[in-house]
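Chemist: The structure's right below; bear with me while I get my questions together.
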Amino acid sequence: MTETRFADLPAELQEHYLNMQDDLYDGAKDEVVEATRQALEWGQGPGAILAHGLVAGMDIVGKDFGAGILFVPEVLRAANAMKAAMEILRPLLTETGVPKIGTAVIGTVKGDIHDIGKNLVAMMWEGAGFEVRNLGINVDADKFLAALRETNADILGMSALLTTTMPYMATVIERLTEEGLRDRITVLVGGAPLNPAFAEDIGADHYCKDAAEAVDTARKVMQLRGGARG
Amino acid sequence: MDKLLDFLTRNQNFVLADGAMGTMLHAAGLTSGGAPEEWNVERPDVIKGIHQAYVDAGSQIITANTFGGNRFRLMLHNNESRVRELNLAAARIAREVADTAPREVLVAGDVGPSGEILFPLGTRQPEEVRDAFAEQAAALAEGGVDFFLIETMSALEEVTAAVEGIKSASDLPIAATMTFDTHFRTMMGVKPAQAVNALYDLGIVVMGANCGNGPDEIERIVTDLAAAKPANVYLIAQSNAGLPKWKDKQVYYDGSPEVMADYALKMRALGVNVLGACCGSTPEHIRAMREALGL
């Protein structure tokens with residue numbers, strides 16, 4: 001199912017979505033929920049609302065976070081607003097059978113408790129059309145592997161914020177290799193102390209510096225996979 | 001005058017602290033994701049050895065191995081009921097090393113973040129976090145630390161909870177650092193000048209920056225801190241030894257002892273009073289810093 005392109009929407013709907021994006025940016029949860037209901041009343045599909053209102057809005061939030069214009073509190077408030085709107089849209093999306101673009105497993109590695117960025121990525125992936133299994137914090141290799149097998153995942157996302165936990169990402173990647181799963185899973189890593197060279201050295205496929213990049217990267221990964229399959 | 005300020009005064013307002021514990025423990029065989037605080041009981045010899053190596057290198061302050069010693073962090077390792085045991089053990093090990101040192105060495109009780117986001121942004125009530133820090137502080141005080149070092153903080157709400165919790169448990173001095181690793185602000189968006197004002201309002205007069213993205217960034221941050229601080233505030237700087245890299249299945253930091261020696265001179269020139277280092281630093285780095293400083 002292809003959503004109507006934003007540019008092809010009637011002017012008043014465009015304005016509605018732009019306002020919705022502004023409200024999301026400001027973390028105005030009630031307004032975002034109201035705008036979601038309003039759009040549904042006007043006959044907009046859940047996929048369109050997700051794409052033009054929520055995901056487009058979070059893309060801006062993500063970019064401004066990456067640029068140091070927004071910081072974690074603002075991003076969290078925006079994410080909470082998106083979450084509230086998703087509660088309304090999720091059942092409708094399931095009903096209308098919007099096709100999944102892929103399946104992803106995500107978690108904060110063993111010994112680490114930080115989950116702000118990871119949860120944001122999980123939500124953005126979901127918004128982008130991925131089926132996401134969010135394993136939470138303090139996730140060990142066994143738990144990652146079990147979830148990857150159960151969901152037949154395409155993508156694994158790992159987060160770490162501590163010097164003492166970032167090496168655990170390498171441990172998980174090693175286990176993927178040992179168990180013969182490495183070739184069919186694309187590994188994305190992120191977290192404050194990481195850098196692209198570190199990600200490459202531990203054998204991850206991609207380093208994502210923020211949630212917006214994690215979404216772009218995941219989309220590209222699926223396009224490449226689709227291309228390979230086709 | 002409190003013990004920490006007195007110590008600073010007697011040392012012409014410049015003392016050398018220690019370097020990393022976590023990355024030293026990894027080098028000693030702690031598995032990634034393992035609980036560093038468990039080693040206070042299971043491998044006290046290793047912890048003692050690390051403290052001793054820092055004292056030998058010239059550290060005048062050593063930091064107990066209790067960064068993740070609050071109940072929220074210990075919960076990850078099912079150790080939430082061992083707060084007193086693990087903090088007490090850590091404080092005693094450091095105390096023993098300090099007391100046998102050839103010169104005066106103070107012991108800092110390390111108080112790291114809870115990892116929780118406080119209400120209303122998150123779900124955790126400030127009282128719960130305050131209680132957790134009080135519990136940790138009581139054990140550290142009992143084990144004989146000289147002062148508390150609240151470190152690596154990113155939210156002012158959490159620093160407030162930590163200061164209040166510690167004060168409810170002990171009268172010992174409190175120093176605090178925040179980590180300005182996100183575009184020269186903390187992850188939560190706190191600017192250096194904002195941190196100075198907020199910490200000062202909490203009654204903290206020994207404060208600064210730790211961890212982060214290496215000596216170059218810390219230089220700019222400390223410059224901002226120095227410009228914003230009231231005259232009676234003492235500054236702390238504890239930079240990581242560069243940035244993390246991966247080699248031979250281990251994390252290492254790319255800042256050499258020479259790089260950190262250069263950092264030490266720059267920090268002193270900027271008016272830092274308590275100078276140490278964070279992730280990736282070793283006794284070798286501290287020794288190079290001491291030599292460069294002519295201490």
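By order of appearance in the structure tokens: chains A, B, ..., then residues from 1 within every chain, and ligands from 1 in the order shown.
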Write down as a count of residues only the residues of region 127-280 of chain B whose backbone DSSP state falls under strand (DSSP E or B).

Modeler: 38

Chemist: Tell me as an NGL selection string which residues belonging to chain B come within 7 Å of chain A, counting only C-alpha atoms.

Modeler: :B and (22-23 or 32-34 or 76 or 115 or 121 or 183 or 187-189 or 245-246 or 250-251 or 279)

Chemist: Could you write out that same residue set with N, CA and C atoms as a PDB file, in the first residue's frame?

Modeler:
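Generated output (part_1.pdb):
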```
ATOM      1  N   GLY B  22      36.742   1.282  36.018  1.00  0.00           N
ATOM      2  CA  GLY B  22      36.030   0.319  35.164  1.00  0.00           C
ATOM      3  C   GLY B  22      36.912  -0.298  34.092  1.00  0.00           C
ATOM      4  N   THR B  23      37.617   0.560  33.343  1.00  0.00           N
ATOM      5  CA  THR B  23      38.443   0.010  32.264  1.00  0.00           C
ATOM      6  C   THR B  23      39.649  -0.748  32.828  1.00  0.00           C
ATOM      7  N   SER B  32      32.716  -8.139  30.200  1.00  0.00           N
ATOM      8  CA  SER B  32      31.853  -7.021  29.861  1.00  0.00           C
ATOM      9  C   SER B  32      30.426  -7.329  30.289  1.00  0.00           C
ATOM     10  N   GLY B  33      29.792  -6.343  30.908  1.00  0.00           N
ATOM     11  CA  GLY B  33      28.442  -6.536  31.414  1.00  0.00           C
ATOM     12  C   GLY B  33      28.444  -7.089  32.826  1.00  0.00           C
ATOM     13  N   GLY B  34      29.597  -7.525  33.307  1.00  0.00           N
ATOM     14  CA  GLY B  34      29.714  -8.023  34.676  1.00  0.00           C
ATOM     15  C   GLY B  34      29.641  -6.868  35.661  1.00  0.00           C
ATOM     16  N   LEU B  76      20.572  -4.778  38.284  1.00  0.00           N
ATOM     17  CA  LEU B  76      20.881  -5.448  37.017  1.00  0.00           C
ATOM     18  C   LEU B  76      21.590  -6.767  37.251  1.00  0.00           C
ATOM     19  N   GLY B 115      20.667   5.773  36.700  1.00  0.00           N
ATOM     20  CA  GLY B 115      20.180   5.283  35.404  1.00  0.00           C
ATOM     21  C   GLY B 115      18.692   5.516  35.222  1.00  0.00           C
ATOM     22  N   LEU B 121       9.437  13.739  33.698  1.00  0.00           N
ATOM     23  CA  LEU B 121       9.956  13.304  32.396  1.00  0.00           C
ATOM     24  C   LEU B 121       9.934  11.785  32.309  1.00  0.00           C
ATOM     25  N   HIS B 183      27.207  17.832  22.469  1.00  0.00           N
ATOM     26  CA  HIS B 183      27.334  19.198  21.968  1.00  0.00           C
ATOM     27  C   HIS B 183      27.682  20.174  23.104  1.00  0.00           C
ATOM     28  N   MET B 187      23.740  15.203  28.376  1.00  0.00           N
ATOM     29  CA  MET B 187      22.727  14.507  27.593  1.00  0.00           C
ATOM     30  C   MET B 187      21.338  15.132  27.786  1.00  0.00           C
ATOM     31  N   MET B 188      21.095  15.632  28.993  1.00  0.00           N
ATOM     32  CA  MET B 188      19.798  16.234  29.274  1.00  0.00           C
ATOM     33  C   MET B 188      19.764  17.722  28.904  1.00  0.00           C
ATOM     34  N   GLY B 189      20.824  18.220  28.301  1.00  0.00           N
ATOM     35  CA  GLY B 189      20.817  19.591  27.795  1.00  0.00           C
ATOM     36  C   GLY B 189      21.357  20.645  28.749  1.00  0.00           C
ATOM     37  N   LYS B 245      38.400   2.922  21.378  1.00  0.00           N
ATOM     38  CA  LYS B 245      38.672   2.147  20.161  1.00  0.00           C
ATOM     39  C   LYS B 245      38.634   0.671  20.552  1.00  0.00           C
ATOM     40  N   TRP B 246      38.643  -0.176  19.561  1.00  0.00           N
ATOM     41  CA  TRP B 246      38.534  -1.618  19.797  1.00  0.00           C
ATOM     42  C   TRP B 246      39.741  -2.318  19.191  1.00  0.00           C
ATOM     43  N   GLN B 250      39.313  -5.926  22.963  1.00  0.00           N
ATOM     44  CA  GLN B 250      39.226  -5.084  24.163  1.00  0.00           C
ATOM     45  C   GLN B 250      39.042  -3.618  23.790  1.00  0.00           C
ATOM     46  N   VAL B 251      38.362  -2.908  24.682  1.00  0.00           N
ATOM     47  CA  VAL B 251      38.248  -1.472  24.494  1.00  0.00           C
ATOM     48  C   VAL B 251      39.538  -0.829  24.965  1.00  0.00           C
ATOM     49  N   CYS B 279      37.434   7.327  32.038  1.00  0.00           N
ATOM     50  CA  CYS B 279      37.527   6.081  31.273  1.00  0.00           C
ATOM     51  C   CYS B 279      38.816   5.970  30.442  1.00  0.00           C
TER      52      CYS B 279
END
```

Chemist: Report, in Å to a single decimal, how far apart CA of Leu8 (chain B) and CA of Asp224 (chain B) are.

Modeler: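 For CA of Asp224 (chain B) relative to CA of Leu8 (chain B), the distance reads 21.9 Å.
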
Chemist: Any chance you could list, as a PyMOL selection string, the residues in region 152-185 of chain B that come up alpha helix (DSSP H) when DSSP is run on the backbone?

Modeler: chain B and resi 156-169

Chemist: If we count only C-alpha atoms and set the cut-off at 7 Å, which residues sit around region 207-218 of chain A, ignoring sequence neighbours fewer than 2 positions away in its own chain? Please answer as a list in words.

Modeler: Asp59, Gly62, Lys63, Gly66, Gly117, Leu120, Val121, Met124, Trp125, Leu188, Val189, Gly190, Asn195, Pro196, Ala199, Lys220, Val221 and Met222 of chain A
